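I have placed the structure first, in the form of C-alpha cells, so that the comments after it can refer back to it.
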Amino acid sequence: MCDEQEENAEHLLFDCPAIAKELINRILQLEAHNKQLKSIVAKQNDSKAKQDNENRKRKRPFDFSRFPKHHIAIKLLYLGWDYQGFASIEDSTNTIEHHLFAALKKCCLIESRESSNYNRCGRTDKTVSAFDQVISLTVRAAKEGDPPLEYCKMLNRLLPKDIRTIAWKPVPENFSARFDCKRRTYRYFFPRGDLNLHAMQKGAEYLIGTHDFRNLCKMDVANGVVAFERTIDKAAIEIISKSSCHKGSGFDMCEFVLTSKGFLWHQVRCIMGVLVLIGRGQEDPEIICQLLDTTTFPRKPQYCLAVGEPLNLFHCDFDLDNWIVEKSSINEVVQTLQQEWATHSIKGVMIEQMLIGLHRITDSVNLSLQSGGLLQGTQSKVYTPLSKRPTCESLETRIAHYVEKGRIEV
C-alpha cells in the first residue's frame, strides 16, 4: 500500500468511528472463534490419545502361561424364558452358553472353549430354566501364595441378571459334568385348573422302570440317537402350594417330578403333554402303558408338546460335596431372585384377583381353565384319541433314511 492509501485509510478510521468499532468487534469474534477451534482440536487429540492407549491395551494378549490352571465344576441357575436354550447355536447369540463363554473369556479364565475341556450336565431347550445346571472345565487359577480366585463373583459381574453362578469346586481332570452325573431331576410346574391329579398320578406311575420311550420323545436319529430305552427312577404329581384366595380352586400350584440318569430330546415335555390329556379326561391313564409298548404303537401318534416355560432342570446328582459358596456372591443371587419373585408374584396375584372379581359379578365365569395354556399349538374342538391320530415315520424308516444319506452308521 502506498503512502497516500495509508493516509486515506487512517483518515477513514478517524472520520468513521462506526467502521472502526465494527472492525474491532470482528477481530474479537475471530479471536474467540480461533480459541474455540483450538479447544476442540485439543479435546479431539486427547480423545484420540486415550482411544489409542485403550487399543494398545486390548491388543496386548493375556499371558495365560504365567498362571497355573485347574479343572473345576460350576453350579449355575438361569431363568430360560427369554433364551433360545442352553447350548450354543450357529444362528443366534441368545443362548445361555453364549453369555457364559463371553463372560469366561472376558475375565480371562479361559483362552477358548475348544481348549477348556468343557462339558455340560444338561442341554435344556428353548425357554426351559435350570436351578442346578452343572458344567465342568479347566480355568485359570491363582498363583501360588495368592488368595484363590472368586469365580462366581467374577462371572456374575459379567453375566445377565437371569443367569447366575452359585457355587464351584475343584475336581479331577477327568471329571465330566455330562458323564459323571448319577441322576437328573426335572420339575414341571403347572396350575391345577380342571385337571384330575389322581388320574395323572396313575399315568405317571406307569413310567417308572426301564422302557422304550420312542413314542414319548422327539427322535433325534439325524444325530445318531437310535436307542430309546431309558430308566425312570421317580415320576410323581404333587401339589406344592394351595391358593389362599379360592379354596379348592384351579389356582393351586402343582408339579410333575421326573428323575432319571439320562433323558431324550423333549422327553419330559412329551410325557407332560400326554399327562395333560389324561388330566382332562380325554385319555385313560393306561395310554402311557400303550405308548411304551412299541407293538401297540409302532409309530408315534401326533400330539402337542407341553410348553417349555414351566420346565426346570431342578437337580443334578454327583458324588461331590463341600462345594465352595462365596458369601457375598450368593447374597447377591438371593437378592436378585427375591426381586424377580416379587415382580412375578405381584402380577400373578393381581390377575387372580381380577378373575375372582369377575366371578363375583357373574356365576357363569369358569375359574378352572388354567390348563388350556399348557400345550403348544391349537387344539381341535372335537378331540381325536391318540390311537386314531395320524402317526409319524417309524424308527426303522428314519434309520434307513439317514443310513442311505450317509449321515449315520448302524
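Following the order of the C-alpha cells, chains are lettered A, B, ..., residues in each are numbered from 1, and ligands are numbered from 1.
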Running DSSP on the backbone, which parts of range 35-156 of chain A land in strand (DSSP E), as a ChimeraX atom specification? /A:69-78,119-120,129-140
N, CA, C and O atoms of the current selection, written as a compact mmCIF listing (two decimals), in the first residue's frame:
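Heads up, here's the output in again-v9.txt:
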# COMPACT_ATOMS: atom_id res chain seq x y z
N LYS A 69 -3.34 -73.68 36.05
CA LYS A 69 -4.72 -74.00 35.69
C LYS A 69 -5.20 -75.17 36.54
O LYS A 69 -4.40 -75.96 37.04
N HIS A 70 -6.51 -75.24 36.70
CA HIS A 70 -7.08 -76.43 37.33
C HIS A 70 -8.49 -76.67 36.80
O HIS A 70 -9.14 -75.78 36.26
N HIS A 71 -8.94 -77.92 36.97
CA HIS A 71 -10.26 -78.34 36.47
C HIS A 71 -11.28 -78.12 37.59
O HIS A 71 -11.04 -78.52 38.74
N ILE A 72 -12.40 -77.49 37.26
CA ILE A 72 -13.42 -77.21 38.27
C ILE A 72 -14.81 -77.54 37.73
O ILE A 72 -15.03 -77.64 36.52
N ALA A 73 -15.74 -77.72 38.66
CA ALA A 73 -17.16 -77.82 38.33
C ALA A 73 -17.83 -76.55 38.84
O ALA A 73 -17.47 -76.03 39.90
N ILE A 74 -18.79 -76.03 38.07
CA ILE A 74 -19.52 -74.82 38.45
C ILE A 74 -21.02 -75.11 38.41
O ILE A 74 -21.53 -75.64 37.43
N LYS A 75 -21.70 -74.75 39.51
CA LYS A 75 -23.17 -74.81 39.53
C LYS A 75 -23.72 -73.46 39.08
O LYS A 75 -23.22 -72.42 39.50
N LEU A 76 -24.75 -73.49 38.27
CA LEU A 76 -25.39 -72.24 37.88
C LEU A 76 -26.89 -72.42 37.76
O LEU A 76 -27.40 -73.53 37.59
N LEU A 77 -27.59 -71.31 37.88
CA LEU A 77 -29.03 -71.30 37.67
C LEU A 77 -29.35 -70.24 36.63
O LEU A 77 -28.59 -69.30 36.43
N TYR A 78 -30.46 -70.41 35.96
CA TYR A 78 -30.89 -69.42 34.98
C TYR A 78 -32.39 -69.52 34.75
O TYR A 78 -33.00 -70.58 34.90
N ASN A 119 -17.55 -79.53 29.53
CA ASN A 119 -18.71 -80.43 29.46
C ASN A 119 -19.88 -79.82 30.22
O ASN A 119 -19.67 -79.12 31.22
N ARG A 120 -21.10 -80.10 29.78
CA ARG A 120 -22.31 -79.63 30.47
C ARG A 120 -23.13 -80.83 30.92
O ARG A 120 -23.13 -81.88 30.28
N SER A 129 -35.78 -73.52 32.02
CA SER A 129 -34.90 -72.95 33.06
C SER A 129 -34.12 -74.05 33.78
O SER A 129 -34.33 -75.24 33.53
N ALA A 130 -33.24 -73.64 34.67
CA ALA A 130 -32.49 -74.60 35.49
C ALA A 130 -32.16 -73.96 36.83
O ALA A 130 -31.81 -72.78 36.90
N PHE A 131 -32.28 -74.76 37.89
CA PHE A 131 -31.84 -74.32 39.20
C PHE A 131 -30.49 -74.93 39.54
O PHE A 131 -29.73 -74.37 40.32
N ASP A 132 -30.15 -76.06 38.90
CA ASP A 132 -28.96 -76.80 39.32
C ASP A 132 -28.20 -77.34 38.12
O ASP A 132 -27.80 -78.49 38.10
N GLN A 133 -28.02 -76.51 37.09
CA GLN A 133 -27.17 -76.90 35.97
C GLN A 133 -25.72 -76.96 36.43
O GLN A 133 -25.30 -76.14 37.27
N VAL A 134 -24.95 -77.91 35.91
CA VAL A 134 -23.54 -78.04 36.28
C VAL A 134 -22.70 -78.14 35.02
O VAL A 134 -23.05 -78.87 34.08
N ILE A 135 -21.60 -77.40 34.99
CA ILE A 135 -20.63 -77.52 33.90
C ILE A 135 -19.26 -77.85 34.50
O ILE A 135 -19.02 -77.60 35.68
N SER A 136 -18.39 -78.43 33.69
CA SER A 136 -17.01 -78.68 34.13
C SER A 136 -16.07 -78.16 33.06
O SER A 136 -16.34 -78.30 31.85
N LEU A 137 -14.97 -77.54 33.47
CA LEU A 137 -13.99 -77.01 32.53
C LEU A 137 -12.69 -76.66 33.25
O LEU A 137 -12.67 -76.57 34.48
N THR A 138 -11.64 -76.47 32.48
CA THR A 138 -10.34 -76.11 33.02
C THR A 138 -10.16 -74.59 32.91
O THR A 138 -10.32 -74.03 31.82
N VAL A 139 -9.85 -73.95 34.04
CA VAL A 139 -9.78 -72.49 34.08
C VAL A 139 -8.46 -72.02 34.71
O VAL A 139 -7.74 -72.80 35.32
N ARG A 140 -8.20 -70.75 34.54
CA ARG A 140 -7.03 -70.13 35.18
C ARG A 140 -7.19 -70.16 36.70
O ARG A 140 -8.27 -69.91 37.23
Can you list, as a PyMOL selection string, every protein, DNA or RNA residue that comes within 12 Å of Val325 in chain A when you count only C-alpha atoms, leaving out same-chain residues fewer than 2 positions away? chain A and resi 74-76+150-153+165-169+321-323+327-331+333
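A straight line drawn from CA of Ser371 in chain A to CA of Ala342 in chain A is 23.6 Å long.
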Can you tell me, as a PyMOL selection string, what residues are no more than 12 Å from range 88-93 of chain A when counting only C-alpha atoms, ignoring any on the same chain fewer than 3 positions away? chain A and resi 83-85+96-102+113+120+123-126
Write the residues of the preceding selection, restricted to N, CA and C atoms, as an mmCIF file, in the first residue's frame.
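The result, written out as out.cif:
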data_model
loop_
_atom_site.group_PDB
_atom_site.id
_atom_site.type_symbol
_atom_site.label_atom_id
_atom_site.label_comp_id
_atom_site.auth_asym_id
_atom_site.auth_seq_id
_atom_site.Cartn_x
_atom_site.Cartn_y
_atom_site.Cartn_z
ATOM 1 N N TYR A 83 -34.551 -67.111 26.431
ATOM 2 C CA TYR A 83 -33.379 -67.596 25.715
ATOM 3 C C TYR A 83 -33.733 -68.727 24.742
ATOM 4 N N GLN A 84 -32.839 -68.933 23.775
ATOM 5 C CA GLN A 84 -33.035 -69.978 22.759
ATOM 6 C C GLN A 84 -32.459 -71.323 23.212
ATOM 7 N N GLY A 85 -32.439 -71.548 24.506
ATOM 8 C CA GLY A 85 -31.919 -72.801 25.041
ATOM 9 C C GLY A 85 -30.557 -72.612 25.690
ATOM 10 N N ILE A 96 -27.742 -69.497 26.674
ATOM 11 C CA ILE A 96 -27.054 -69.421 27.971
ATOM 12 C C ILE A 96 -25.553 -69.606 27.765
ATOM 13 N N GLU A 97 -25.170 -70.612 26.967
ATOM 14 C CA GLU A 97 -23.744 -70.884 26.753
ATOM 15 C C GLU A 97 -23.024 -69.713 26.104
ATOM 16 N N HIS A 98 -23.676 -69.017 25.188
ATOM 17 C CA HIS A 98 -23.023 -67.864 24.552
ATOM 18 C C HIS A 98 -22.633 -66.835 25.607
ATOM 19 N N HIS A 99 -23.566 -66.491 26.493
ATOM 20 C CA HIS A 99 -23.271 -65.496 27.537
ATOM 21 C C HIS A 99 -22.231 -66.030 28.519
ATOM 22 N N LEU A 100 -22.300 -67.311 28.810
ATOM 23 C CA LEU A 100 -21.366 -67.917 29.764
ATOM 24 C C LEU A 100 -19.929 -67.855 29.234
ATOM 25 N N PHE A 101 -19.724 -68.236 27.972
ATOM 26 C CA PHE A 101 -18.366 -68.218 27.416
ATOM 27 C C PHE A 101 -17.878 -66.801 27.159
ATOM 28 N N ALA A 102 -18.793 -65.892 26.850
ATOM 29 C CA ALA A 102 -18.386 -64.489 26.705
ATOM 30 C C ALA A 102 -17.825 -63.971 28.032
ATOM 31 N N ARG A 113 -13.147 -71.984 24.177
ATOM 32 C CA ARG A 113 -13.982 -73.130 24.551
ATOM 33 C C ARG A 113 -13.286 -74.435 24.175
ATOM 34 N N ARG A 120 -21.103 -80.097 29.784
ATOM 35 C CA ARG A 120 -22.308 -79.625 30.472
ATOM 36 C C ARG A 120 -23.127 -80.828 30.924
ATOM 37 N N ARG A 123 -28.705 -80.331 28.470
ATOM 38 C CA ARG A 123 -28.875 -79.446 27.316
ATOM 39 C C ARG A 123 -30.347 -79.029 27.293
ATOM 40 N N THR A 124 -30.700 -78.013 28.053
ATOM 41 C CA THR A 124 -32.102 -77.612 28.155
ATOM 42 C C THR A 124 -32.549 -76.860 26.901
ATOM 43 N N ASP A 125 -33.836 -77.029 26.563
ATOM 44 C CA ASP A 125 -34.402 -76.469 25.331
ATOM 45 C C ASP A 125 -34.737 -74.983 25.483
ATOM 46 N N LYS A 126 -35.194 -74.419 24.386
ATOM 47 C CA LYS A 126 -35.675 -73.034 24.341
ATOM 48 C C LYS A 126 -36.713 -72.799 25.437
#
Give me, please, the distance in Å between CA of Tyr402 in chain A and CA of Asp220 in chain A, quoted to one decimal.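 These two atoms are separated by 11.0 Å.
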Please identify all polymer residues within 9 Å of range 375-389 of chain A, counting only C-alpha atoms, omitting same-chain residues fewer than 6 positions from it, and present them as a ChimeraX atom specification. /A:272-273,276,282-283,287,297,301-308
Using DSSP on the backbone coordinates, identify all residues within range 131-364 of chain A classified as alpha helix (DSSP H); present the result as a PyMOL selection string. chain A and resi 151-156+197-205+267-279+287-292+327-361
With only C-alpha atoms as the basis for distance, which of A:Thr336, A:Ser364, A:Gln353, A:Thr343 is at the shortest distance from Asn156 in chain A?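 Among A:Thr336, A:Ser364, A:Gln353, A:Thr343, it is A:Thr336 that comes nearest to Asn156 in chain A.
Going from CA of Gln370 in chain A to CA of Cys217 in chain A covers 24.6 Å.
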Excluding same-chain residues fewer than 6 positions from His198 in chain A, what lies within 10 Å of it counting only C-alpha atoms, as a count of residues only? 6
Taking only C-alpha atoms into account, which of A:Thr294, A:Ser47, A:Ser243, A:Thr391 comes nearest Phe213 in chain A?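 Using only C-alpha atoms, Phe213 in chain A sits closest to A:Thr294.
Distances from A:Asp252, A:Arg183, A:Tyr188, A:Glu309 to Thr231 in chain A were compared using only C-alpha atoms, and the smallest one belongs to A:Arg183.
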